[in-house]
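Presented below is the structure to which this report refers.
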Amino acid sequence: MTQHQVARQPLVDARTLVVKIGSALITNNGTGLDLDAINSWAKQLAELAASGRRLLLVSSGAIACGMQQLGWSKRPSSIPELQAAAAVGQMGLAQTYQQAFGAHGIRTAQILLTHEDLADRTRYLNARATISTLLDLDVLPIINENDTVATDEIRFGDNDTLGALVANLIEADALIILTDQEGLYTADPRKEPAATLVSLGAAGDEQYERMAGGSGSHVGTGGMITKIWAAKRAARSGAHTVIASGRAPNALPRLLQGEALGTLLVASQPPLAARKQWLADHLQLAGRIQLDAGASKALRSGSSLLPVGVTAVEGEFERGAVVACLDETGHEIARGLSNYASSEARRIAGCPSGEIEQRLGYLDAPELIHRDNLVIV
């Protein structure tokens, strides 16, 4: 086996796959649903399903499709107009997928999610159970952000992030992001002709964040940087990520056969436990806790967060909220579930655990955040 084959073997061995297709591809750069392309991807996914792989599709395109049907050439900026476009476009998108996959004998299900669905532990577990049941029934879940109700406070922001969260949710082996680019380049190939394609790398390597840049197309919200961040996020559950051109002929089967298409970013760290994945995947946090140098070092060593190491508490939150832990330089190093509300956390900040009961009148826990409810990010 050659070095190239060894590098791509994790993808060849992948059994559970999340495939994300962007708006520019699905709508042919905003001109309307590209039926030929959608039928081609359906055929490719059907081939993968026939080989015994479990598949989920994360599809953008509802807003772009709605824009086309409403005759809008420019993506609106107001939330109500975006929601209206999504409501119009989602109808056509779901019907198109049902017909495309039905031609290959594959049943489909539509799942629309907001960040709140994954931030709430009960709803998160319900979503995972529903998706797992659909996979067991050989039904292909087609997942999109619920743009008809999402607002700035609860939205994922782009479906690259949603794809990574879904990969973590069902502990997928790989996330495949199909885009209108060949993959990650050392620089923007549209501006730097000498830029070269990165074929293989490690998810989470900071040099790739520096290489990626620029916004997405006028019909989408992503860009290469969101794909790099998605790969880093998906790696937390052990999922490898491929960023490849969705316009390459028969791209999906070729990737799963080990062909060197696009950019493969390998998950090189041990996967987090499911509960800690859930904590790490929170996009909106209820508050921030500032730590001193000693507490920062203790957290990185696997210890719980004790009140004595807290120098400040920002935000208003209740007991059990997910909060960020900042080191002495202000960088987030961890996040976890607070055992105390923000008002209580401020009163016990900086004090030894033995004095908590004296300050509050009761002792709920000696830790502000227990290590079992804390994850390093």
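Ordering of the structure tokens sets the chain letters (A, B, ...); residue numbers start at 1 within each chain; ligands are numbered from 1 in the order shown.
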| query | Using only C-alpha atoms, which residues sit within 9 Å of segment 248-252 of chain A once same-chain residues fewer than 6 positions away are excluded, as a list in words? | reply |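 Non-adjacent residues within range: Ser40, Trp41, Lys43, Gln44, Leu45, Leu48, Ile176, Leu178, Glu182 and Leu261 of chain A.
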With all heavy atoms kept, could you save the residues just selected as a PDB file, in the first residue's frame?
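Output (result_22.pdb):
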```pdb
ATOM      1  N   SER A  40     -27.457  13.812 -10.017  1.00  0.00           N
ATOM      2  CA  SER A  40     -26.141  13.169 -10.024  1.00  0.00           C
ATOM      3  C   SER A  40     -25.704  12.810  -8.608  1.00  0.00           C
ATOM      4  O   SER A  40     -25.208  11.701  -8.353  1.00  0.00           O
ATOM      5  CB  SER A  40     -25.108  14.098 -10.672  1.00  0.00           C
ATOM      6  OG  SER A  40     -23.804  13.560 -10.555  1.00  0.00           O
ATOM      7  N   TRP A  41     -25.868  13.744  -7.657  1.00  0.00           N
ATOM      8  CA  TRP A  41     -25.489  13.447  -6.264  1.00  0.00           C
ATOM      9  C   TRP A  41     -26.359  12.334  -5.692  1.00  0.00           C
ATOM     10  O   TRP A  41     -25.876  11.504  -4.922  1.00  0.00           O
ATOM     11  CB  TRP A  41     -25.591  14.711  -5.413  1.00  0.00           C
ATOM     12  CG  TRP A  41     -24.611  15.758  -5.807  1.00  0.00           C
ATOM     13  CD1 TRP A  41     -23.288  15.583  -6.123  1.00  0.00           C
ATOM     14  CD2 TRP A  41     -24.858  17.161  -5.958  1.00  0.00           C
ATOM     15  NE1 TRP A  41     -22.712  16.783  -6.451  1.00  0.00           N
ATOM     16  CE2 TRP A  41     -23.637  17.765  -6.360  1.00  0.00           C
ATOM     17  CE3 TRP A  41     -25.976  17.971  -5.784  1.00  0.00           C
ATOM     18  CZ2 TRP A  41     -23.534  19.137  -6.593  1.00  0.00           C
ATOM     19  CZ3 TRP A  41     -25.877  19.332  -6.011  1.00  0.00           C
ATOM     20  CH2 TRP A  41     -24.665  19.903  -6.414  1.00  0.00           C
ATOM     21  N   LYS A  43     -27.620   9.854  -7.316  1.00  0.00           N
ATOM     22  CA  LYS A  43     -27.097   8.602  -7.873  1.00  0.00           C
ATOM     23  C   LYS A  43     -25.821   8.178  -7.152  1.00  0.00           C
ATOM     24  O   LYS A  43     -25.629   6.994  -6.829  1.00  0.00           O
ATOM     25  CB  LYS A  43     -26.831   8.779  -9.366  1.00  0.00           C
ATOM     26  CG  LYS A  43     -26.303   7.526 -10.057  1.00  0.00           C
ATOM     27  CD  LYS A  43     -26.051   7.770 -11.538  1.00  0.00           C
ATOM     28  CE  LYS A  43     -25.476   6.515 -12.208  1.00  0.00           C
ATOM     29  NZ  LYS A  43     -25.202   6.758 -13.650  1.00  0.00           N
ATOM     30  N   GLN A  44     -24.950   9.139  -6.886  1.00  0.00           N
ATOM     31  CA  GLN A  44     -23.703   8.828  -6.187  1.00  0.00           C
ATOM     32  C   GLN A  44     -23.965   8.338  -4.761  1.00  0.00           C
ATOM     33  O   GLN A  44     -23.355   7.359  -4.302  1.00  0.00           O
ATOM     34  CB  GLN A  44     -22.808  10.069  -6.148  1.00  0.00           C
ATOM     35  CG  GLN A  44     -22.304  10.527  -7.510  1.00  0.00           C
ATOM     36  CD  GLN A  44     -21.530  11.826  -7.414  1.00  0.00           C
ATOM     37  OE1 GLN A  44     -20.625  11.964  -6.598  1.00  0.00           O
ATOM     38  NE2 GLN A  44     -21.886  12.796  -8.258  1.00  0.00           N
ATOM     39  N   LEU A  45     -24.867   9.002  -4.075  1.00  0.00           N
ATOM     40  CA  LEU A  45     -25.190   8.595  -2.702  1.00  0.00           C
ATOM     41  C   LEU A  45     -25.865   7.229  -2.697  1.00  0.00           C
ATOM     42  O   LEU A  45     -25.649   6.427  -1.774  1.00  0.00           O
ATOM     43  CB  LEU A  45     -26.070   9.649  -2.038  1.00  0.00           C
ATOM     44  CG  LEU A  45     -25.342  10.932  -1.623  1.00  0.00           C
ATOM     45  CD1 LEU A  45     -26.325  12.042  -1.309  1.00  0.00           C
ATOM     46  CD2 LEU A  45     -24.438  10.681  -0.420  1.00  0.00           C
ATOM     47  N   LEU A  48     -23.217   4.692  -2.764  1.00  0.00           N
ATOM     48  CA  LEU A  48     -22.583   4.518  -1.457  1.00  0.00           C
ATOM     49  C   LEU A  48     -23.495   3.739  -0.513  1.00  0.00           C
ATOM     50  O   LEU A  48     -23.024   2.893   0.263  1.00  0.00           O
ATOM     51  CB  LEU A  48     -22.241   5.873  -0.849  1.00  0.00           C
ATOM     52  CG  LEU A  48     -21.244   6.748  -1.612  1.00  0.00           C
ATOM     53  CD1 LEU A  48     -20.937   8.009  -0.820  1.00  0.00           C
ATOM     54  CD2 LEU A  48     -19.963   5.992  -1.916  1.00  0.00           C
ATOM     55  N   ILE A 176     -18.072  14.970   4.664  1.00  0.00           N
ATOM     56  CA  ILE A 176     -17.655  15.345   3.311  1.00  0.00           C
ATOM     57  C   ILE A 176     -18.363  16.644   2.941  1.00  0.00           C
ATOM     58  O   ILE A 176     -19.596  16.697   2.894  1.00  0.00           O
ATOM     59  CB  ILE A 176     -17.989  14.248   2.287  1.00  0.00           C
ATOM     60  CG1 ILE A 176     -17.268  12.950   2.654  1.00  0.00           C
ATOM     61  CG2 ILE A 176     -17.598  14.695   0.877  1.00  0.00           C
ATOM     62  CD1 ILE A 176     -17.612  11.774   1.739  1.00  0.00           C
ATOM     63  N   LEU A 178     -18.981  19.202   0.109  1.00  0.00           N
ATOM     64  CA  LEU A 178     -18.886  19.474  -1.318  1.00  0.00           C
ATOM     65  C   LEU A 178     -19.107  20.961  -1.554  1.00  0.00           C
ATOM     66  O   LEU A 178     -20.089  21.538  -1.085  1.00  0.00           O
ATOM     67  CB  LEU A 178     -19.925  18.649  -2.085  1.00  0.00           C
ATOM     68  CG  LEU A 178     -19.757  17.122  -2.032  1.00  0.00           C
ATOM     69  CD1 LEU A 178     -20.816  16.439  -2.886  1.00  0.00           C
ATOM     70  CD2 LEU A 178     -18.356  16.702  -2.465  1.00  0.00           C
ATOM     71  N   GLU A 182     -12.000  23.416  -5.411  1.00  0.00           N
ATOM     72  CA  GLU A 182     -11.359  22.103  -5.466  1.00  0.00           C
ATOM     73  C   GLU A 182     -10.977  21.604  -4.074  1.00  0.00           C
ATOM     74  O   GLU A 182     -10.818  20.400  -3.859  1.00  0.00           O
ATOM     75  CB  GLU A 182     -10.095  22.170  -6.341  1.00  0.00           C
ATOM     76  CG  GLU A 182     -10.372  22.514  -7.793  1.00  0.00           C
ATOM     77  CD  GLU A 182     -11.213  21.465  -8.500  1.00  0.00           C
ATOM     78  OE1 GLU A 182     -11.053  20.277  -8.172  1.00  0.00           O
ATOM     79  OE2 GLU A 182     -12.039  21.851  -9.347  1.00  0.00           O
ATOM     80  N   LEU A 261      -8.906  13.308  -4.175  1.00  0.00           N
ATOM     81  CA  LEU A 261      -9.661  14.497  -4.549  1.00  0.00           C
ATOM     82  C   LEU A 261      -9.729  15.441  -3.356  1.00  0.00           C
ATOM     83  O   LEU A 261      -9.860  15.005  -2.209  1.00  0.00           O
ATOM     84  CB  LEU A 261     -11.081  14.121  -4.966  1.00  0.00           C
ATOM     85  CG  LEU A 261     -11.254  13.280  -6.223  1.00  0.00           C
ATOM     86  CD1 LEU A 261     -12.736  12.961  -6.428  1.00  0.00           C
ATOM     87  CD2 LEU A 261     -10.701  14.000  -7.437  1.00  0.00           C
TER      88      LEU A 261
END
```
| said: Residues within 8 Å of Thr16 of chain A, please, as a PyMOL selection string. Count only C-alpha atoms; anything in the same chain fewer than 6 positions from it doesn't count. | reply: chain A and resi 53-55+172-174
| said: I want to know what sits within 8 Å of segment 314-327 of chain A, based on only C-alpha atoms, with residues of the same chain fewer than 5 positions away left out; could you give that as number ranges by chain? | reply: A: 279, 282, 285-293, 296, 332-343
Residues from last step as file, N, CA, C and O atoms, as a CSV table (one decimal), in the first residue's frame:
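File selection_7.csv, as written:
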```
chain,number,residue,atom,x,y,z
A,279,LEU,N,-21.0,19.6,25.0
A,279,LEU,CA,-20.6,20.8,25.7
A,279,LEU,C,-19.7,21.6,24.7
A,279,LEU,O,-19.9,22.9,24.5
A,282,HIS,N,-21.5,23.8,21.8
A,282,HIS,CA,-22.4,25.0,22.0
A,282,HIS,C,-21.8,26.2,21.3
A,282,HIS,O,-20.6,26.5,21.4
A,285,LEU,N,-22.9,30.9,24.4
A,285,LEU,CA,-22.6,30.6,25.8
A,285,LEU,C,-23.3,31.6,26.7
A,285,LEU,O,-23.5,32.8,26.3
A,286,ALA,N,-23.7,31.1,27.9
A,286,ALA,CA,-24.5,32.0,28.8
A,286,ALA,C,-23.7,33.0,29.5
A,286,ALA,O,-24.2,34.1,29.9
A,287,GLY,N,-22.4,32.8,29.7
A,287,GLY,CA,-21.6,33.7,30.4
A,287,GLY,C,-20.1,33.3,30.3
A,287,GLY,O,-19.8,32.4,29.6
A,288,ARG,N,-19.3,34.1,30.9
A,288,ARG,CA,-17.8,33.9,30.9
A,288,ARG,C,-17.3,34.0,32.3
A,288,ARG,O,-17.6,34.9,33.0
A,289,ILE,N,-16.3,33.1,32.6
A,289,ILE,CA,-15.7,33.1,33.9
A,289,ILE,C,-14.2,33.3,33.7
A,289,ILE,O,-13.5,32.5,33.0
A,290,GLN,N,-13.7,34.4,34.3
A,290,GLN,CA,-12.2,34.7,34.1
A,290,GLN,C,-11.4,34.0,35.2
A,290,GLN,O,-11.8,34.0,36.4
A,291,LEU,N,-10.3,33.3,34.8
A,291,LEU,CA,-9.5,32.5,35.7
A,291,LEU,C,-8.2,33.2,36.0
A,291,LEU,O,-7.7,33.9,35.1
A,292,ASP,N,-7.6,32.8,37.1
A,292,ASP,CA,-6.2,33.2,37.3
A,292,ASP,C,-5.3,32.1,36.7
A,292,ASP,O,-5.7,31.1,36.2
A,293,ALA,N,-4.0,32.4,36.7
A,293,ALA,CA,-3.0,31.5,36.1
A,293,ALA,C,-3.0,30.1,36.7
A,293,ALA,O,-2.9,29.1,36.0
A,296,SER,N,-6.1,28.2,35.5
A,296,SER,CA,-6.0,27.8,34.1
A,296,SER,C,-5.1,26.6,33.9
A,296,SER,O,-5.4,25.7,33.2
A,332,GLU,N,-10.4,31.8,25.6
A,332,GLU,CA,-11.2,30.7,26.1
A,332,GLU,C,-10.4,29.4,26.0
A,332,GLU,O,-9.9,29.0,25.0
A,333,ILE,N,-10.4,28.7,27.2
A,333,ILE,CA,-9.6,27.4,27.2
A,333,ILE,C,-10.5,26.3,27.5
A,333,ILE,O,-10.1,25.1,27.3
A,334,ALA,N,-11.7,26.5,28.0
A,334,ALA,CA,-12.6,25.5,28.4
A,334,ALA,C,-14.1,26.0,28.5
A,334,ALA,O,-14.3,27.2,28.5
A,335,ARG,N,-15.0,25.1,28.6
A,335,ARG,CA,-16.4,25.5,28.8
A,335,ARG,C,-17.0,24.3,29.6
A,335,ARG,O,-16.6,23.2,29.5
A,336,GLY,N,-18.1,24.7,30.3
A,336,GLY,CA,-18.7,23.6,31.1
A,336,GLY,C,-20.0,24.1,31.8
A,336,GLY,O,-20.4,25.2,31.6
A,337,LEU,N,-20.6,23.2,32.6
A,337,LEU,CA,-21.9,23.5,33.2
A,337,LEU,C,-21.6,24.0,34.6
A,337,LEU,O,-21.0,23.4,35.4
A,338,SER,N,-22.1,25.2,34.9
A,338,SER,CA,-21.9,25.9,36.1
A,338,SER,C,-22.8,25.3,37.2
A,338,SER,O,-24.0,25.1,37.0
A,339,ASN,N,-22.2,25.0,38.4
A,339,ASN,CA,-23.0,24.5,39.5
A,339,ASN,C,-23.7,25.6,40.2
A,339,ASN,O,-24.5,25.4,41.1
A,340,TYR,N,-23.4,26.9,39.9
A,340,TYR,CA,-24.0,28.0,40.6
A,340,TYR,C,-24.5,29.1,39.5
A,340,TYR,O,-23.9,29.2,38.5
A,341,ALA,N,-25.5,29.8,39.9
A,341,ALA,CA,-26.0,30.9,39.1
A,341,ALA,C,-24.9,32.0,39.1
A,341,ALA,O,-24.1,32.1,40.0
A,342,SER,N,-25.0,32.9,38.1
A,342,SER,CA,-24.0,34.0,38.0
A,342,SER,C,-23.9,34.9,39.3
A,342,SER,O,-22.8,35.2,39.7
A,343,SER,N,-25.1,35.2,39.9
A,343,SER,CA,-25.1,36.0,41.1
A,343,SER,C,-24.4,35.3,42.3
A,343,SER,O,-23.6,35.9,43.0
```
| message | Let's see if you can do this: from backbone DSSP, list all alpha helix (DSSP H) residues in segment 235-358 of chain A, as an MDAnalysis selection string. | response | chainID A and resid 251:256 274:280 293:300 342:348 356:358
| message | Rounded to one decimal, what separation in Å do you get between atom CA of Leu70 of chain A and atom CA of Gly89 of chain A? | response |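 Separating atom CA of Leu70 of chain A from atom CA of Gly89 of chain A is a distance of 9.1 Å.
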| request: Would you kindly return, as number ranges by chain, each protein, DNA or RNA residue with an atom no farther than 8 Å from any atom of Asp188 of chain A, considering only C-alpha atoms and excluding same-chain residues fewer than 4 positions away? | output: A: 192, 195, 211-213
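By chain and then residue number, the residues within 9 Å of Leu118 of chain A are Leu113, Thr114, His115, Glu116, Asp120, Arg121, Thr122, Arg123, Tyr124, Leu125, Ala127, Leu165, Leu169, Trp278, Asp281 and His282 of chain A, counting only C-alpha atoms and disregarding those fewer than 2 positions away in sequence.
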Filtering to N, CA, C and O atoms, could you give me those residues as a short mmCIF file (atom, residue, chain, number, x, y, z; two decimals), in the first residue's frame?
```
data_model
loop_
_atom_site.label_atom_id
_atom_site.label_comp_id
_atom_site.auth_asym_id
_atom_site.auth_seq_id
_atom_site.Cartn_x
_atom_site.Cartn_y
_atom_site.Cartn_z
N LEU A 113 -33.36 21.94 11.88
CA LEU A 113 -32.81 22.15 13.22
C LEU A 113 -32.45 23.62 13.45
O LEU A 113 -32.11 24.34 12.50
N THR A 114 -32.51 24.03 14.70
CA THR A 114 -31.92 25.30 15.14
C THR A 114 -30.88 24.97 16.20
O THR A 114 -30.82 23.84 16.71
N HIS A 115 -30.09 25.96 16.55
CA HIS A 115 -29.08 25.74 17.58
C HIS A 115 -29.72 25.33 18.90
O HIS A 115 -29.17 24.52 19.65
N GLU A 116 -30.90 25.86 19.20
CA GLU A 116 -31.57 25.52 20.45
C GLU A 116 -31.87 24.02 20.53
O GLU A 116 -31.87 23.45 21.61
N ASP A 120 -30.06 22.36 23.96
CA ASP A 120 -30.83 21.75 25.04
C ASP A 120 -30.53 20.25 25.08
O ASP A 120 -30.70 19.56 24.07
N ARG A 121 -30.09 19.76 26.24
CA ARG A 121 -29.64 18.37 26.32
C ARG A 121 -30.74 17.38 25.96
O ARG A 121 -30.50 16.40 25.24
N THR A 122 -31.97 17.60 26.42
CA THR A 122 -33.06 16.68 26.12
C THR A 122 -33.37 16.68 24.63
O THR A 122 -33.55 15.61 24.01
N ARG A 123 -33.46 17.86 24.02
CA ARG A 123 -33.76 17.93 22.59
C ARG A 123 -32.61 17.36 21.77
O ARG A 123 -32.82 16.74 20.71
N TYR A 124 -31.39 17.55 22.25
CA TYR A 124 -30.21 16.97 21.59
C TYR A 124 -30.32 15.45 21.54
O TYR A 124 -30.13 14.83 20.49
N LEU A 125 -30.65 14.86 22.67
CA LEU A 125 -30.77 13.40 22.73
C LEU A 125 -31.95 12.92 21.89
O LEU A 125 -31.88 11.86 21.25
N ALA A 127 -33.07 14.41 19.16
CA ALA A 127 -32.65 14.51 17.76
C ALA A 127 -31.77 13.34 17.37
O ALA A 127 -31.91 12.76 16.29
N LEU A 165 -21.70 19.62 13.45
CA LEU A 165 -22.49 19.30 14.63
C LEU A 165 -23.27 18.00 14.43
O LEU A 165 -23.41 17.20 15.36
N LEU A 169 -23.08 14.65 16.50
CA LEU A 169 -24.32 14.15 17.08
C LEU A 169 -24.46 12.64 16.90
O LEU A 169 -24.83 11.93 17.83
N TRP A 278 -21.09 17.39 23.31
CA TRP A 278 -22.26 18.27 23.40
C TRP A 278 -21.86 19.61 24.00
O TRP A 278 -22.26 20.67 23.51
N ASP A 281 -19.78 21.70 21.55
CA ASP A 281 -20.48 22.14 20.36
C ASP A 281 -21.42 23.31 20.59
O ASP A 281 -22.09 23.75 19.65
N HIS A 282 -21.52 23.81 21.80
CA HIS A 282 -22.37 24.98 22.04
C HIS A 282 -21.80 26.19 21.29
O HIS A 282 -20.63 26.53 21.44
#
```
| query | For Asn146 of chain A, which residue out of A:Leu11, A:Ala24, A:Leu134, A:Leu112 is the nearest one, using only C-alpha atoms? | reply |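 Of A:Leu11, A:Ala24, A:Leu134, A:Leu112, the one nearest Asn146 of chain A, counting only C-alpha atoms, is A:Leu112.
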